[in-house]
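The next block is target04.csv, given as CSV, C-alpha atoms.
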```csv
chain,number,residue,atom,x,y,z
A,24,MET,CA,90.9,72.5,36.3
A,25,LEU,CA,93.6,74.5,34.6
A,26,PRO,CA,93.1,77.9,33.0
A,27,ASN,CA,93.2,78.3,29.2
A,28,PRO,CA,95.5,77.5,27.4
A,29,PHE,CA,97.0,75.0,29.9
A,30,ASP,CA,93.8,72.9,29.9
A,31,LEU,CA,94.9,71.8,26.4
A,32,ILE,CA,98.0,70.1,27.8
A,33,PRO,CA,97.8,66.3,28.3
A,34,SER,CA,97.3,65.3,31.9
A,35,SER,CA,100.4,63.1,31.7
A,36,ALA,CA,102.5,66.3,31.6
A,37,LEU,CA,101.0,67.7,34.8
A,38,ARG,CA,102.6,67.3,38.2
A,39,PRO,CA,100.7,68.4,41.3
A,40,ILE,CA,102.8,70.1,44.0
A,41,SER,CA,101.9,71.1,47.6
A,42,GLY,CA,103.5,74.2,49.1
A,43,ALA,CA,103.7,75.4,52.6
A,44,ILE,CA,104.6,79.0,53.6
A,45,GLY,CA,108.3,79.5,52.9
A,46,ASP,CA,108.7,76.5,50.6
A,47,VAL,CA,110.9,77.2,47.7
A,48,VAL,CA,109.5,75.9,44.4
A,49,PHE,CA,112.7,76.6,42.6
A,50,HIS,CA,115.9,78.6,43.0
A,51,GLN,CA,117.6,81.0,40.6
A,52,GLY,CA,120.0,79.0,38.5
A,53,ASP,CA,118.2,75.7,38.9
A,54,PRO,CA,117.6,73.8,35.6
A,55,THR,CA,114.1,74.4,34.2
A,56,HIS,CA,111.5,71.7,34.2
A,57,GLY,CA,108.4,73.7,33.2
A,58,LEU,CA,106.0,76.4,34.2
A,59,TYR,CA,103.5,76.5,37.0
A,60,VAL,CA,99.9,77.2,37.7
A,61,VAL,CA,98.7,78.2,41.1
A,62,GLN,CA,95.5,76.4,42.1
A,63,THR,CA,95.4,77.7,45.6
A,64,GLY,CA,97.7,79.9,47.7
A,65,ARG,CA,100.2,82.5,46.5
A,66,VAL,CA,103.8,82.4,45.2
A,67,HIS,CA,106.2,85.3,44.9
A,68,LEU,CA,109.0,85.3,42.3
A,69,GLU,CA,112.0,87.0,43.9
A,70,ARG,CA,115.5,88.1,43.0
A,71,VAL,CA,118.2,88.5,45.5
A,72,GLY,CA,120.3,91.7,45.5
A,73,PRO,CA,124.1,91.9,46.0
A,74,ASN,CA,123.6,92.4,49.8
A,75,GLY,CA,121.1,89.6,50.2
A,76,GLU,CA,118.0,91.8,50.0
A,77,ARG,CA,115.0,90.2,48.3
A,78,PHE,CA,113.0,91.9,45.5
A,79,ILE,CA,109.5,90.6,44.5
A,80,ILE,CA,109.3,90.7,40.7
A,81,HIS,CA,105.9,88.9,40.4
A,82,ARG,CA,103.1,87.8,42.6
A,83,ALA,CA,101.2,84.7,41.4
A,84,GLN,CA,97.8,83.9,42.9
A,85,ALA,CA,95.2,81.2,42.4
A,86,GLY,CA,94.3,80.8,38.8
A,87,THR,CA,97.5,82.4,37.4
A,88,SER,CA,100.6,80.9,35.9
A,89,PHE,CA,104.3,81.8,36.5
A,90,ALA,CA,107.7,80.9,35.1
A,91,GLU,CA,106.4,81.0,31.6
A,92,ALA,CA,109.8,82.2,30.3
A,93,SER,CA,111.4,79.0,31.7
A,94,VAL,CA,110.0,77.1,28.7
A,95,PHE,CA,112.5,78.9,26.6
A,96,SER,CA,115.4,78.9,29.1
A,97,GLU,CA,117.8,76.4,30.5
A,98,VAL,CA,117.7,77.8,34.1
A,99,TYR,CA,115.3,79.7,36.2
A,100,HIS,CA,116.1,83.4,36.5
A,101,CYS,CA,114.7,83.9,40.0
A,102,ASP,CA,113.5,82.1,43.1
A,103,ALA,CA,109.8,81.1,43.5
A,104,VAL,CA,108.7,81.1,47.2
A,105,CYS,CA,105.3,80.1,48.6
A,106,VAL,CA,103.9,83.0,50.7
A,107,GLU,CA,100.6,81.3,51.3
A,108,ALA,CA,100.2,77.5,51.5
A,109,GLY,CA,98.5,76.0,48.6
A,110,ALA,CA,98.5,73.7,45.6
A,111,LEU,CA,100.5,74.1,42.3
A,112,ILE,CA,100.6,72.3,39.1
A,113,ARG,CA,103.9,72.0,37.3
A,114,ILE,CA,103.5,71.7,33.5
A,115,ASP,CA,106.3,69.9,31.7
A,116,LYS,CA,108.4,72.1,29.6
A,117,ALA,CA,108.6,69.6,26.6
A,118,ALA,CA,104.8,69.3,26.7
A,119,VAL,CA,104.3,73.1,26.5
A,120,LEU,CA,106.8,73.4,23.6
A,121,ALA,CA,105.0,70.5,21.8
A,122,ALA,CA,101.6,72.2,22.4
A,123,PHE,CA,102.7,75.1,20.2
A,124,ALA,CA,102.1,72.9,17.2
A,125,ASP,CA,98.3,73.2,18.0
A,126,PRO,CA,97.1,76.6,16.6
A,127,ALA,CA,94.4,76.8,19.3
A,128,PHE,CA,97.0,76.5,22.1
A,129,ALA,CA,99.4,78.9,20.3
A,130,ARG,CA,96.7,81.6,19.9
A,131,ALA,CA,95.5,81.2,23.5
A,132,TYR,CA,99.1,81.3,24.9
A,133,GLY,CA,99.8,84.4,22.8
A,134,ARG,CA,96.6,86.1,24.0
A,135,GLN,CA,97.5,85.3,27.6
A,136,ALA,CA,101.0,86.8,27.1
A,137,ALA,CA,99.6,89.9,25.5
A,138,GLN,CA,97.2,90.4,28.5
A,139,GLN,CA,100.2,90.0,30.9
A,140,ILE,CA,102.1,92.6,28.9
A,141,GLN,CA,99.2,95.0,29.1
A,142,ALA,CA,98.9,94.5,32.8
A,143,GLN,CA,102.6,95.1,33.3
A,144,ARG,CA,102.5,98.3,31.2
A,145,GLN,CA,99.6,99.5,33.3
A,146,MET,CA,101.5,98.8,36.5
A,147,LEU,CA,104.6,100.7,35.2
A,148,GLU,CA,102.4,103.7,34.5
A,149,ILE,CA,100.7,103.5,37.9
A,150,VAL,CA,103.9,103.2,40.0
A,151,GLY,CA,105.3,106.1,37.9
A,152,VAL,CA,102.7,108.5,39.3
A,153,ARG,CA,104.6,110.6,41.8
A,154,ARG,CA,102.0,111.8,44.2
A,155,ALA,CA,100.8,109.0,46.6
A,156,GLU,CA,97.2,110.1,46.5
A,157,ASP,CA,97.1,110.1,42.7
A,158,ARG,CA,98.9,106.7,42.6
A,159,VAL,CA,96.4,105.2,45.0
A,160,MET,CA,93.5,106.6,43.0
A,161,ALA,CA,95.0,105.1,39.8
A,162,GLY,CA,95.4,101.8,41.6
A,163,LEU,CA,91.7,101.9,42.6
A,164,VAL,CA,90.6,102.8,39.1
A,165,ALA,CA,92.6,99.8,37.8
A,166,GLY,CA,90.9,97.5,40.3
A,167,LEU,CA,94.2,96.6,42.1
A,168,LEU,CA,92.7,96.7,45.6
A,169,ASP,CA,91.6,93.1,45.7
A,170,GLY,CA,93.2,92.0,49.0
A,171,SER,CA,94.4,93.8,52.0
A,172,VAL,CA,95.5,97.5,52.0
A,173,VAL,CA,99.0,96.4,52.9
A,174,GLU,CA,99.2,94.2,49.8
A,175,PHE,CA,97.7,97.0,47.7
A,176,ALA,CA,100.4,99.4,49.1
A,177,ALA,CA,103.1,96.9,48.2
A,178,ARG,CA,101.8,96.6,44.6
A,179,LEU,CA,101.8,100.4,44.3
A,180,GLN,CA,105.3,100.5,45.8
A,181,LEU,CA,104.1,102.8,48.6
A,182,SER,CA,104.4,102.4,52.3
A,183,HIS,CA,101.2,101.2,53.9
A,184,GLU,CA,101.1,104.4,56.0
A,185,ALA,CA,101.2,106.6,52.8
A,186,THR,CA,98.5,104.4,51.3
A,187,TYR,CA,96.2,104.6,54.3
A,188,ARG,CA,96.7,108.4,54.4
A,189,SER,CA,95.8,108.7,50.7
A,190,LEU,CA,92.8,106.5,51.1
A,191,ARG,CA,91.6,108.6,54.1
A,192,LYS,CA,92.0,111.8,52.0
A,193,LEU,CA,90.2,110.3,49.0
A,194,VAL,CA,87.3,109.4,51.3
A,195,GLN,CA,87.3,112.9,52.9
A,196,ASP,CA,87.2,114.4,49.4
A,197,GLY,CA,84.2,112.3,48.5
A,198,ARG,CA,86.0,110.5,45.6
A,199,VAL,CA,86.0,107.1,47.4
A,200,THR,CA,83.6,105.4,49.9
A,201,ASN,CA,84.7,103.3,52.8
A,202,PRO,CA,81.7,101.2,53.9
A,203,THR,CA,83.6,99.0,56.2
A,204,ARG,CA,87.2,98.6,57.5
A,205,GLY,CA,89.6,97.8,54.6
A,206,ILE,CA,86.9,98.1,51.9
A,207,TYR,CA,87.1,101.0,49.5
A,208,HIS,CA,85.0,101.8,46.4
A,209,LEU,CA,85.1,104.5,43.8
A,210,ARG,CA,82.2,106.9,44.0
A,211,PRO,CA,79.9,106.5,41.0
```
This entry written out as structure tokens:
Amino acid sequence: MLPNPFDLIPSSALRPISGAIGDVVFHQGDPTHGLYVVQTGRVHLERVGPNGERFIIHRAQAGTSFAEASVFSEVYHCDAVCVEAGALIRIDKAAVLAAFADPAFARAYGRQAAQQIQAQRQMLEIVGVRRAEDRVMAGLVAGLLDGSVVEFAARLQLSHEATYRSLRKLVQDGRVTNPTRGIYHLRP
């Protein structure tokens, strides 16, 4: 089942895709065919720097969509790479554009876009915090530690070593609990 508003799109506009680790869903510069919803697995949207270095610009996980801007573009502006095997649904670009005629779809799509903007603004504020310990605390308060500490560190744009040190200090200071390895909770 697709998340709202994509559940309002006709099934004839949906194309299931399987992805293995390392599979490229699309390349920067490829013609756009639609946007995608991750059913299982994870996909990173990446840009390539002038020296071949790769920069992650978005991390899509199960239940989330990506490449929404492609609906309004002729070409994809980044690469989409499967970093965890899974299942995707490609939603046809023309079907998405046609769905905007339905007020319920347009409102739901706008609501989803607004939530994504809020989340991005929050992330910009968090990664703008200079002290690692404060940034880690801000990330915990925002509920960003929902996977491994290494993934959490990457989201915070910190090394995993700095993140572990900060978590250890927050536990020592009594601001955070660590009931089991890799699990951290804010103190009530």
Residues within 12 Å of region 166-178 of chain A, all atoms listed in the file, excluding chain neighbours under 3 positions, as an MDAnalysis selection string
chainID A and resid 78:82 84 142:143 145:147 149:150 155:156 158:163 181:191 204:209
Contacts of region 98-103 of chain A at 12 Å (only C-alpha atoms; same-chain gap of 6+ positions) as number ranges by chain
A: 42, 44-59, 61, 65-72, 77-83, 88-92, 111, 116
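Residues surrounding region 129-140 of chain A within 7 Å are Asn27, Pro28, Phe123, Asp125 and Arg144 of chain A [only C-alpha atoms; sequence separation below 4 positions excluded].
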Write out as a VMD selection string each polymer residue whose atoms come within 10 Å of Pro26 (chain A), counting only C-alpha atoms; drop sequence neighbours fewer than 5 positions from it.
chain A and resid 31 60 to 62 86 to 88
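Between CA of Ala118 (chain A) and CA of Ser34 (chain A) the separation is 10.0 Å.
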Nearest candidate to Asp115 (chain A) (options A:Gln195, A:Thr203, A:Ser35, A:Ser96; using only C-alpha atoms)
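For Asp115 (chain A), the nearest of the candidates is A:Ser35.
The space separating CA of Val199 (chain A) from CA of Arg153 (chain A) comes to 19.7 Å.
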Give me, please, the distance in Å between CA of Ala127 (chain A) and CA of Ile32 (chain A), quoted to one decimal.
11.4 Å
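Between Leu179 (chain A) and the candidates A:Arg38, A:Arg154, A:Arg113, A:Arg198, the tightest atom-to-atom separation, counting all atoms listed in the file, involves A:Arg154.
Among the candidate residues A:Pro202, A:Pro39, A:Gly109, A:Gly64, the one lying nearest to Leu25 (chain A) is A:Pro39, with distances computed using all atoms listed in the file.
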